[in-house]
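Novice: Structure file work_20.cif (mmCIF, C-alpha atoms) right here:
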```
data_target
loop_
_atom_site.group_PDB
_atom_site.id
_atom_site.type_symbol
_atom_site.label_atom_id
_atom_site.label_comp_id
_atom_site.auth_asym_id
_atom_site.auth_seq_id
_atom_site.Cartn_x
_atom_site.Cartn_y
_atom_site.Cartn_z
ATOM 1 C CA MET A 1 35.475 13.752 37.098
ATOM 2 C CA PRO A 2 37.227 16.456 35.050
ATOM 3 C CA THR A 3 38.337 19.677 36.712
ATOM 4 C CA SER A 4 35.745 22.374 36.083
ATOM 5 C CA ILE A 5 36.295 26.091 35.613
ATOM 6 C CA LEU A 6 33.563 28.716 35.736
ATOM 7 C CA ILE A 7 33.954 31.770 33.486
ATOM 8 C CA CYS A 8 31.769 34.604 34.756
ATOM 9 C CA ASP A 9 31.633 37.568 32.340
ATOM 10 C CA ASP A 10 28.731 39.490 30.799
ATOM 11 C CA SER A 11 30.479 39.793 27.451
ATOM 12 C CA SER A 12 30.088 36.808 25.139
ATOM 13 C CA MET A 13 33.256 37.955 23.421
ATOM 14 C CA ALA A 14 35.230 37.909 26.652
ATOM 15 C CA ARG A 15 33.791 34.499 27.602
ATOM 16 C CA LYS A 16 34.873 33.120 24.265
ATOM 17 C CA GLN A 17 38.347 34.647 24.486
ATOM 18 C CA ILE A 18 38.953 33.437 28.014
ATOM 19 C CA ALA A 19 37.727 29.936 27.147
ATOM 20 C CA ARG A 20 40.071 29.886 24.155
ATOM 21 C CA ALA A 21 42.989 30.822 26.379
ATOM 22 C CA LEU A 22 42.508 27.562 28.302
ATOM 23 C CA ASP A 23 44.500 24.771 26.687
ATOM 24 C CA PRO A 24 42.140 21.999 25.503
ATOM 25 C CA ALA A 25 44.883 19.508 26.417
ATOM 26 C CA TRP A 26 44.200 20.267 30.072
ATOM 27 C CA GLY A 27 40.873 18.569 29.634
ATOM 28 C CA VAL A 28 39.029 21.010 31.878
ATOM 29 C CA GLU A 29 35.277 21.329 31.782
ATOM 30 C CA VAL A 30 34.307 24.975 31.181
ATOM 31 C CA MET A 31 31.073 26.502 32.443
ATOM 32 C CA PHE A 32 29.766 29.983 31.709
ATOM 33 C CA ALA A 33 27.780 32.570 33.655
ATOM 34 C CA LYS A 34 26.504 35.838 32.178
ATOM 35 C CA ASP A 35 26.372 37.929 35.350
ATOM 36 C CA GLY A 36 27.395 37.819 38.987
ATOM 37 C CA ALA A 37 24.122 36.421 40.303
ATOM 38 C CA GLU A 38 24.177 33.589 37.795
ATOM 39 C CA GLY A 39 27.845 32.972 38.623
ATOM 40 C CA LEU A 40 27.119 32.803 42.319
ATOM 41 C CA SER A 41 24.296 30.291 41.930
ATOM 42 C CA MET A 42 26.507 28.122 39.701
ATOM 43 C CA LEU A 43 29.265 28.270 42.324
ATOM 44 C CA ARG A 44 26.844 26.936 44.912
ATOM 45 C CA LYS A 45 25.516 24.170 42.681
ATOM 46 C CA ALA A 46 28.496 23.035 40.628
ATOM 47 C CA ARG A 47 31.389 23.863 42.985
ATOM 48 C CA PRO A 48 33.967 24.421 40.222
ATOM 49 C CA ALA A 49 37.686 24.177 40.989
ATOM 50 C CA LEU A 50 38.264 27.779 39.891
ATOM 51 C CA MET A 51 36.301 30.846 38.851
ATOM 52 C CA LEU A 52 37.523 33.432 36.348
ATOM 53 C CA LEU A 53 35.554 36.539 37.269
ATOM 54 C CA ASP A 54 34.831 39.855 35.508
ATOM 55 C CA LEU A 55 34.153 42.997 37.574
ATOM 56 C CA THR A 56 31.739 45.246 35.674
ATOM 57 C CA MET A 57 28.621 43.179 35.072
ATOM 58 C CA PRO A 58 24.865 43.770 35.203
ATOM 59 C CA VAL A 59 22.647 42.394 37.997
ATOM 60 C CA MET A 60 25.570 41.740 40.347
ATOM 61 C CA ASP A 61 29.147 42.906 39.794
ATOM 62 C CA GLY A 62 32.358 41.064 40.571
ATOM 63 C CA PHE A 63 33.001 42.930 43.828
ATOM 64 C CA ASP A 64 29.604 41.855 45.125
ATOM 65 C CA VAL A 65 30.218 38.251 44.066
ATOM 66 C CA LEU A 66 33.426 38.198 46.111
ATOM 67 C CA LYS A 67 31.636 39.753 49.104
ATOM 68 C CA ALA A 68 28.812 37.218 48.874
ATOM 69 C CA MET A 69 31.295 34.339 48.614
ATOM 70 C CA ALA A 70 33.083 35.513 51.752
ATOM 71 C CA ALA A 71 29.791 35.924 53.602
ATOM 72 C CA GLU A 72 28.661 32.423 52.617
ATOM 73 C CA GLY A 73 32.033 30.841 53.162
ATOM 74 C CA LEU A 74 32.187 29.643 49.544
ATOM 75 C CA ASP A 75 35.829 28.679 49.435
ATOM 76 C CA ILE A 76 36.549 28.546 45.700
ATOM 77 C CA PRO A 77 39.654 30.216 44.275
ATOM 78 C CA VAL A 78 38.904 33.246 42.097
ATOM 79 C CA VAL A 79 41.060 34.967 39.512
ATOM 80 C CA VAL A 80 39.677 38.335 38.421
ATOM 81 C CA ILE A 81 40.033 39.284 34.748
ATOM 82 C CA SER A 82 38.877 42.840 34.194
ATOM 83 C CA GLY A 83 39.260 45.965 32.116
ATOM 84 C CA ASP A 84 38.941 47.960 35.338
ATOM 85 C CA ILE A 85 42.686 48.405 35.734
ATOM 86 C CA GLN A 86 42.624 51.052 38.491
ATOM 87 C CA PRO A 87 45.187 50.193 41.175
ATOM 88 C CA ASP A 88 42.414 50.368 43.745
ATOM 89 C CA ALA A 89 40.280 47.835 41.898
ATOM 90 C CA ARG A 90 43.130 45.341 42.156
ATOM 91 C CA ARG A 91 43.665 46.140 45.839
ATOM 92 C CA ARG A 92 39.975 45.759 46.589
ATOM 93 C CA VAL A 93 39.498 42.386 44.899
ATOM 94 C CA LYS A 94 42.621 41.027 46.580
ATOM 95 C CA ALA A 95 41.362 42.267 49.926
ATOM 96 C CA LEU A 96 38.081 40.485 49.181
ATOM 97 C CA GLY A 97 39.955 37.243 48.723
ATOM 98 C CA ALA A 98 40.694 37.013 45.006
ATOM 99 C CA LEU A 99 43.787 34.976 44.276
ATOM 100 C CA GLU A 100 45.055 37.171 41.465
ATOM 101 C CA PHE A 101 44.077 39.999 39.144
ATOM 102 C CA ILE A 102 44.688 39.851 35.398
ATOM 103 C CA LYS A 103 44.397 43.096 33.450
ATOM 104 C CA ASN A 104 42.172 42.814 30.421
ATOM 105 C CA ARG A 105 44.124 45.572 28.707
ATOM 106 C CA SER A 106 43.327 44.971 25.127
ATOM 107 C CA THR A 107 40.967 42.597 23.431
ATOM 108 C CA ALA A 108 43.638 42.112 20.760
ATOM 109 C CA SER A 109 46.254 40.891 23.209
ATOM 110 C CA PHE A 110 44.350 37.819 24.329
ATOM 111 C CA MET B 1 21.137 59.537 30.708
ATOM 112 C CA LEU B 2 20.352 57.977 27.391
ATOM 113 C CA GLY B 3 20.075 54.691 29.191
ATOM 114 C CA ARG B 4 17.228 56.125 31.222
ATOM 115 C CA LEU B 5 15.582 57.576 28.136
ATOM 116 C CA ASN B 6 15.975 54.224 26.571
ATOM 117 C CA ILE B 7 13.665 52.702 29.111
ATOM 118 C CA ALA B 8 11.093 55.325 28.217
ATOM 119 C CA GLY B 9 11.065 53.797 24.761
ATOM 120 C CA LEU B 10 12.850 56.578 22.901
ATOM 121 C CA ALA B 11 15.533 54.303 21.575
ATOM 122 C CA GLY B 12 15.527 50.821 20.167
ATOM 123 C CA ASP B 13 17.424 48.201 22.082
ATOM 124 C CA GLY B 14 20.619 47.587 20.210
ATOM 125 C CA GLY B 15 18.907 47.559 16.838
ATOM 126 C CA GLU B 16 20.203 44.236 15.689
ATOM 127 C CA GLN B 17 20.017 41.193 17.881
ATOM 128 C CA TRP B 18 21.852 38.008 17.239
ATOM 129 C CA PRO B 19 20.761 34.800 18.902
ATOM 130 C CA GLU B 20 22.594 34.646 22.189
ATOM 131 C CA GLN B 21 24.388 31.396 22.919
ATOM 132 C CA ASP B 22 27.011 30.763 25.499
ATOM 133 C CA VAL B 23 29.964 31.533 23.315
ATOM 134 C CA SER B 24 28.445 33.327 20.338
ATOM 135 C CA VAL B 25 29.635 36.842 19.691
ATOM 136 C CA ASN B 26 27.793 39.682 17.997
ATOM 137 C CA ALA B 27 28.959 43.089 16.851
ATOM 138 C CA PHE B 28 27.184 44.950 19.647
ATOM 139 C CA ASP B 29 28.800 42.760 22.233
ATOM 140 C CA CYS B 30 32.115 43.491 20.594
ATOM 141 C CA TYR B 31 31.513 47.280 20.718
ATOM 142 C CA ARG B 32 30.635 46.899 24.386
ATOM 143 C CA GLU B 33 33.832 44.990 25.110
ATOM 144 C CA LEU B 34 35.823 47.582 23.162
ATOM 145 C CA ALA B 35 34.283 50.293 25.351
ATOM 146 C CA ASN B 36 34.795 48.210 28.468
ATOM 147 C CA VAL B 37 38.555 48.011 28.054
ATOM 148 C CA ALA B 38 38.843 51.642 26.906
ATOM 149 C CA MET B 39 36.810 53.020 29.817
ATOM 150 C CA GLY B 40 38.933 51.033 32.248
ATOM 151 C CA GLN B 41 42.062 52.663 30.861
ATOM 152 C CA ALA B 42 40.481 56.118 31.082
ATOM 153 C CA ALA B 43 39.359 55.446 34.647
ATOM 154 C CA ASP B 44 42.831 54.243 35.574
ATOM 155 C CA LEU B 45 44.324 57.490 34.285
ATOM 156 C CA LEU B 46 41.799 59.598 36.183
ATOM 157 C CA ALA B 47 42.211 57.511 39.338
ATOM 158 C CA ARG B 48 45.988 57.925 39.340
ATOM 159 C CA LEU B 49 45.855 61.611 38.443
ATOM 160 C CA LEU B 50 43.273 62.636 41.021
ATOM 161 C CA ASP B 51 43.639 59.905 43.612
ATOM 162 C CA VAL B 52 40.026 58.779 43.396
ATOM 163 C CA PHE B 53 38.152 55.584 42.653
ATOM 164 C CA VAL B 54 36.019 55.569 39.541
ATOM 165 C CA VAL B 55 32.968 53.338 39.633
ATOM 166 C CA LEU B 56 32.588 51.761 36.228
ATOM 167 C CA PRO B 57 29.279 50.748 34.662
ATOM 168 C CA VAL B 58 28.383 48.285 31.948
ATOM 169 C CA PRO B 59 28.576 50.363 28.755
ATOM 170 C CA ASN B 60 25.359 50.830 26.760
ATOM 171 C CA VAL B 61 25.429 50.334 23.026
ATOM 172 C CA ASN B 62 22.600 51.592 20.831
ATOM 173 C CA LEU B 63 21.898 52.301 17.208
ATOM 174 C CA PHE B 64 19.828 55.480 16.992
ATOM 175 C CA ASP B 65 17.616 56.667 14.168
ATOM 176 C CA PRO B 66 18.179 60.355 13.339
ATOM 177 C CA GLY B 67 15.062 61.564 15.158
ATOM 178 C CA GLU B 68 15.739 59.444 18.235
ATOM 179 C CA LEU B 69 19.269 60.757 18.591
ATOM 180 C CA SER B 70 18.248 64.383 18.478
ATOM 181 C CA MET B 71 15.408 63.820 20.965
ATOM 182 C CA ALA B 72 17.656 61.895 23.330
ATOM 183 C CA LEU B 73 20.449 64.442 23.104
ATOM 184 C CA SER B 74 18.291 67.487 23.600
ATOM 185 C CA ALA B 75 16.686 65.859 26.621
ATOM 186 C CA ALA B 76 20.087 64.953 28.026
ATOM 187 C CA THR B 77 21.606 68.390 27.500
ATOM 188 C CA ARG B 78 18.571 70.600 28.124
ATOM 189 C CA SER B 79 19.475 73.770 29.992
ATOM 190 C CA GLY B 80 19.429 73.293 33.733
ATOM 191 C CA SER B 81 20.273 69.616 33.483
ATOM 192 C CA GLY B 82 23.993 70.236 33.253
ATOM 193 C CA ALA B 83 26.817 71.053 30.919
ATOM 194 C CA ALA B 84 28.445 69.190 28.092
ATOM 195 C CA VAL B 85 31.728 69.118 26.228
ATOM 196 C CA CYS B 86 32.039 67.710 22.747
ATOM 197 C CA GLN B 87 34.970 66.743 20.609
ATOM 198 C CA GLY B 88 35.088 65.340 17.112
ATOM 199 C CA TYR B 89 37.415 62.539 16.081
ATOM 200 C CA MET B 90 38.278 60.609 12.965
ATOM 201 C CA SER B 91 40.524 57.935 11.576
ATOM 202 C CA PRO B 92 40.474 56.257 8.156
ATOM 203 C CA GLY B 93 36.896 55.082 7.652
ATOM 204 C CA ILE B 94 35.722 56.084 11.122
ATOM 205 C CA ALA B 95 34.248 59.423 12.174
ATOM 206 C CA GLY B 96 32.460 60.450 15.305
ATOM 207 C CA GLU B 97 31.808 62.890 18.057
ATOM 208 C CA ALA B 98 32.436 62.408 21.761
ATOM 209 C CA LEU B 99 30.056 64.064 24.167
ATOM 210 C CA LEU B 100 30.712 64.350 27.879
ATOM 211 C CA ILE B 101 27.677 65.416 29.893
ATOM 212 C CA PHE B 102 27.778 66.522 33.546
ATOM 213 C CA ASN B 103 24.766 67.234 35.684
ATOM 214 C CA ASP B 104 24.686 70.568 37.506
ATOM 215 C CA THR B 105 25.407 69.216 40.958
ATOM 216 C CA SER B 106 28.542 67.470 39.728
ATOM 217 C CA ILE B 107 30.237 70.671 38.611
ATOM 218 C CA PRO B 108 31.004 72.275 42.014
ATOM 219 C CA ASN B 109 32.199 68.871 43.220
ATOM 220 C CA LEU B 110 34.362 68.535 40.165
ATOM 221 C CA ALA B 111 35.874 71.953 40.921
ATOM 222 C CA ARG B 112 36.659 70.777 44.448
ATOM 223 C CA LEU B 113 38.253 67.604 43.112
ATOM 224 C CA MET B 114 40.333 69.483 40.549
ATOM 225 C CA LYS B 115 41.402 71.914 43.302
ATOM 226 C CA TYR B 116 39.963 74.990 41.652
ATOM 227 C CA ARG B 117 40.134 78.055 43.862
ATOM 228 C CA GLY B 118 38.113 81.208 43.585
ATOM 229 C CA GLU B 119 34.709 81.855 42.144
ATOM 230 C CA LEU B 120 33.285 79.333 39.726
ATOM 231 C CA ASP B 121 32.190 81.765 37.011
ATOM 232 C CA GLU B 122 31.332 80.830 33.444
ATOM 233 C CA SER B 123 34.914 80.933 32.205
ATOM 234 C CA ALA B 124 36.236 78.885 35.119
ATOM 235 C CA LYS B 125 33.428 76.413 34.498
ATOM 236 C CA SER B 126 34.350 76.100 30.832
ATOM 237 C CA GLU B 127 37.978 75.551 31.677
ATOM 238 C CA LEU B 128 37.061 72.886 34.193
ATOM 239 C CA LEU B 129 34.807 71.108 31.708
ATOM 240 C CA LEU B 130 37.387 71.283 28.943
ATOM 241 C CA ASP B 131 40.181 69.976 31.190
ATOM 242 C CA THR B 132 38.134 67.032 32.386
ATOM 243 C CA GLY B 133 36.784 66.405 28.907
ATOM 244 C CA ASN B 134 40.283 66.315 27.495
ATOM 245 C CA ILE B 135 41.403 63.666 29.962
ATOM 246 C CA LEU B 136 38.378 61.398 29.798
ATOM 247 C CA ILE B 137 37.606 61.676 26.093
ATOM 248 C CA GLY B 138 41.265 61.497 25.084
ATOM 249 C CA ALA B 139 42.010 58.461 27.239
ATOM 250 C CA CYS B 140 38.898 56.623 26.126
ATOM 251 C CA LEU B 141 39.523 57.294 22.434
ATOM 252 C CA LYS B 142 43.108 56.170 22.790
ATOM 253 C CA GLY B 143 41.932 52.958 24.415
ATOM 254 C CA ILE B 144 39.587 52.281 21.508
ATOM 255 C CA ALA B 145 42.175 53.238 18.876
ATOM 256 C CA ASP B 146 44.814 50.963 20.429
ATOM 257 C CA GLN B 147 42.498 47.985 20.303
ATOM 258 C CA LEU B 148 41.568 48.670 16.689
ATOM 259 C CA ASP B 149 45.198 49.296 15.807
ATOM 260 C CA THR B 150 44.413 52.763 14.484
ATOM 261 C CA ARG B 151 44.756 56.386 15.613
ATOM 262 C CA PHE B 152 42.144 59.094 15.924
ATOM 263 C CA SER B 153 42.749 62.698 14.929
ATOM 264 C CA GLN B 154 40.849 64.801 17.413
ATOM 265 C CA GLY B 155 39.288 68.212 16.971
ATOM 266 C CA HIS B 156 39.299 70.907 19.629
ATOM 267 C CA PRO B 157 36.974 70.193 22.516
ATOM 268 C CA THR B 158 34.179 72.741 22.825
ATOM 269 C CA VAL B 159 31.630 73.498 25.500
ATOM 270 C CA LEU B 160 28.147 72.873 24.168
ATOM 271 C CA GLY B 161 25.793 75.779 24.344
ATOM 272 C CA GLN B 162 28.705 78.177 24.605
ATOM 273 C CA HIS B 163 30.696 77.406 21.507
ATOM 274 C CA ARG B 164 28.363 75.101 19.689
ATOM 275 C CA ASP B 165 24.762 74.110 19.704
ATOM 276 C CA ILE B 166 23.514 70.569 20.183
ATOM 277 C CA ASP B 167 21.296 70.817 17.108
ATOM 278 C CA ALA B 168 24.295 71.547 14.919
ATOM 279 C CA LEU B 169 25.763 68.246 16.033
ATOM 280 C CA VAL B 170 22.905 66.078 14.873
ATOM 281 C CA GLU B 171 21.948 68.150 11.821
ATOM 282 C CA ASN B 172 24.350 66.296 9.558
ATOM 283 C CA SER B 173 23.127 62.835 10.336
ATOM 284 C CA LYS B 174 19.549 64.077 10.177
ATOM 285 C CA ALA B 175 20.051 65.519 6.720
ATOM 286 C CA ARG B 176 21.512 62.254 5.462
ATOM 287 C CA GLY B 177 18.872 60.232 7.231
ATOM 288 C CA SER B 178 21.577 57.956 8.568
ATOM 289 C CA ARG B 179 21.702 56.254 11.923
ATOM 290 C CA THR B 180 24.204 56.775 14.719
ATOM 291 C CA LEU B 181 26.008 54.198 16.777
ATOM 292 C CA ALA B 182 26.110 55.384 20.380
ATOM 293 C CA ILE B 183 28.352 53.930 23.063
ATOM 294 C CA GLU B 184 27.376 55.322 26.445
ATOM 295 C CA ILE B 185 29.505 55.104 29.585
ATOM 296 C CA CYS B 186 28.287 56.556 32.894
ATOM 297 C CA TYR B 187 31.262 57.283 35.105
ATOM 298 C CA THR B 188 30.775 57.930 38.814
ATOM 299 C CA ILE B 189 33.539 59.162 41.087
ATOM 300 C CA GLU B 190 33.294 57.539 44.483
ATOM 301 C CA ASP B 191 32.980 59.802 47.557
ATOM 302 C CA TYR B 192 32.694 62.985 45.474
ATOM 303 C CA ASP B 193 29.129 62.815 44.150
ATOM 304 C CA ILE B 194 30.322 63.352 40.616
ATOM 305 C CA SER B 195 28.768 61.513 37.739
ATOM 306 C CA CYS B 196 29.080 62.076 34.054
ATOM 307 C CA ASP B 197 27.937 60.480 30.859
ATOM 308 C CA LEU B 198 30.432 59.861 28.120
ATOM 309 C CA LEU B 199 28.811 59.306 24.740
ATOM 310 C CA LEU B 200 30.830 58.156 21.793
ATOM 311 C CA LEU B 201 28.760 58.731 18.695
ATOM 312 C CA PHE B 202 29.879 57.074 15.485
ATOM 313 C CA THR B 203 28.389 57.705 12.055
ATOM 314 C CA GLU B 204 26.572 54.733 10.572
ATOM 315 C CA ASP B 205 29.213 54.552 7.807
ATOM 316 C CA SER B 206 31.902 54.056 10.452
ATOM 317 C CA MET B 207 30.403 50.718 11.375
ATOM 318 C CA THR B 208 31.780 49.121 8.204
ATOM 319 C CA SER B 209 35.322 50.032 9.212
ATOM 320 C CA LEU B 210 34.729 49.252 12.864
ATOM 321 C CA ASN B 211 33.408 45.808 12.004
ATOM 322 C CA GLU B 212 36.302 45.137 9.650
ATOM 323 C CA LYS B 213 38.815 46.094 12.300
ATOM 324 C CA MET B 214 37.023 44.028 14.894
ATOM 325 C CA ALA B 215 36.636 40.978 12.661
ATOM 326 C CA PRO B 216 39.809 39.313 13.936
ATOM 327 C CA LEU B 217 38.477 39.758 17.472
ATOM 328 C CA ILE B 218 35.006 38.443 16.665
ATOM 329 C CA ASN B 219 36.142 35.471 14.623
ATOM 330 C CA ALA B 220 39.172 34.649 16.708
#
```
Would it be possible to restate this file's structure as structure tokens?

Specialist:
Amino acid sequence: MPTSILICDDSSMARKQIARALDPAWGVEVMFAKDGAEGLSMLRKARPALMLLDLTMPVMDGFDVLKAMAAEGLDIPVVVISGDIQPDARRRVKALGALEFIKNRSTASF
Amino acid sequence: MLGRLNIAGLAGDGGEQWPEQDVSVNAFDCYRELANVAMGQAADLLARLLDVFVVLPVPNVNLFDPGELSMALSAATRSGSGAAVCQGYMSPGIAGEALLIFNDTSIPNLARLMKYRGELDESAKSELLLDTGNILIGACLKGIADQLDTRFSQGHPTVLGQHRDIDALVENSKARGSRTLAIEICYTIEDYDISCDLLLLFTEDSMTSLNEKMAPLINA
């Protein structure tokens, strides 16, 4: 079974860019979710090896996804990729259990 | 604020819709992502400067017909509902106006946050609005310009109603019968009960340049 990665971001552009940043040679299976609630239900069902998570999203934001994962004991590593580059945003997601925070500084730099 | 009006059916939803697939990208989504990164940079600046946490929303993107824009703006800036600062900007092929709207209850809290002492009279209020407007509008525009690899020349910020009237803002687009691209970001400052609406209004003509500059991002 190939390693699967879930990309959870409300922007189709960001989903595409993040997916492109993953080397096809790795042979990972990529799944997409358009908001936090969808991401969370896919985590439960598909149990991916890793989730790449956005913060500002409709329905359920990234902070709430991390809180829900902790509450449910969903132990899946999460790397947050967000334009919310406030120092406190990084601190908060790390405190909520995110493995790492990647600044989505510029769409051009991807 | 426009987002709320939107629900009331004043504005169309995005104007043009492309079929949404998992990895398809449309221009509106691209504008939203542009705003997303820019607002994050502006929030970061504000957070570091004032030692606060800014709660960021999902930006709204709309294409307004001339009548819709003027109705939405006059509703959003009607006397009693708050105060607004506006600032024009342009770069080759792109022209627009930024509008920062505060509700009335936010203003005393903003004064507290900015450590204003003394009575909050009209002139102190203007200064407060202009200072905040400068930071937020400037940082957001810079974030957008950086991504598009361009630079905006900015006009002087003015307080609406005091220096300029809202109708004067929309008159031009009304006269030409052209539409307006509106990017709306509702910032909230945590623990201070401050919320404001930042509207970046682009002329319809600007969309050609915007789309050209974004093409490498869309087609990447």

Novice: Using only C-alpha atoms, determine which residues of chain B fall within 9 Å of chain A; present them as a VMD selection string.

Specialist: chain B and resid 20 to 26 29 to 30 32 to 34 36 to 41 43 to 48 52 to 54 56 to 58 143 to 144 146 to 149 216 to 218 220

Novice: Written as a list in words, what is the full residue list that the PyMOL selection byres ((chain B and resi 187) around 7) yields on the file shown?

Specialist: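 This file, filtered by the PyMOL selection byres ((chain B and resi 187) around 7), leaves Val54, Val55, Leu56, Pro57, Ile185, Cys186, Thr188, Ile189, Ser195, Cys196 and Asp197 of chain B.
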
Novice: Using all atoms listed in the file, which residue out of A:Ile5, A:Gly62, A:Ala37, A:Arg44 lies closest to Lys94 in chain A?

Specialist: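 Checking each candidate against Lys94 in chain A, we get A:Gly62 as the closest.
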
Novice: Using 8 Å of padding on each side, determine the axis-aligned box around all atoms of range 92-107 of chain A present in the file and give its centre and edge lengths in Å to one decimal, as lines of an AutoDock Vina configuration file.

Specialist:
```
center_x = 41.6
center_y = 40.4
center_z = 36.7
size_x = 23.0
size_y = 26.8
size_z = 42.5
```

Novice: What is the CA of Glu184 in chain B-CA of Phe152 in chain B distance in Å, reported with one decimal?

Specialist: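 That distance, rounded to one decimal, is 18.5 Å.
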
Novice: Just give me the gap between CA of Ile18 in chain A and CA of Leu50 in chain A in Å, one decimal is fine.

Specialist: 13.2 Å

Novice: In Å, how far is it from CA of Arg47 in chain A to CA of Asp64 in chain A?

Specialist: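 CA of Arg47 in chain A sits 18.2 Å away from CA of Asp64 in chain A.
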
Novice: Between A:Val93, A:Leu40, A:Val65, A:Leu52, which has the minimum distance to Ala21 in chain A (counting only C-alpha atoms)?

Specialist: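 Smallest separation from Ala21 in chain A among the options: A:Leu52.
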
Novice: List as a list in words the residues having at least one atom at most 12 Å from position (35.9, 49.2, 9.8) as given in the file, counting only C-alpha atoms.

Specialist: Ala27, Tyr31, Ser91, Pro92, Gly93, Ile94, Ala95, Ala145, Leu148, Asp149, Thr150, Phe202, Thr203, Glu204, Asp205, Ser206, Met207, Thr208, Ser209, Leu210, Asn211, Glu212, Lys213, Met214, Ala215 and Pro216 of chain B

Novice: Compare B:Glu97, B:Glu127, B:Asp104, B:Glu68 by their minimum atom-to-atom distance to Leu201 in chain B, counting all atoms listed in the file, and give me the closest one.

Specialist: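 For Leu201 in chain B, the nearest of the given residues is B:Glu97.
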
Novice: Which of these residues is nearest to Ala42 in chain B, using all atoms listed in the file: B:Ile183, B:Ile194, B:Ser106, B:Leu136?

Specialist: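 Counting all atoms listed in the file, the residue closest to Ala42 in chain B is B:Leu136.
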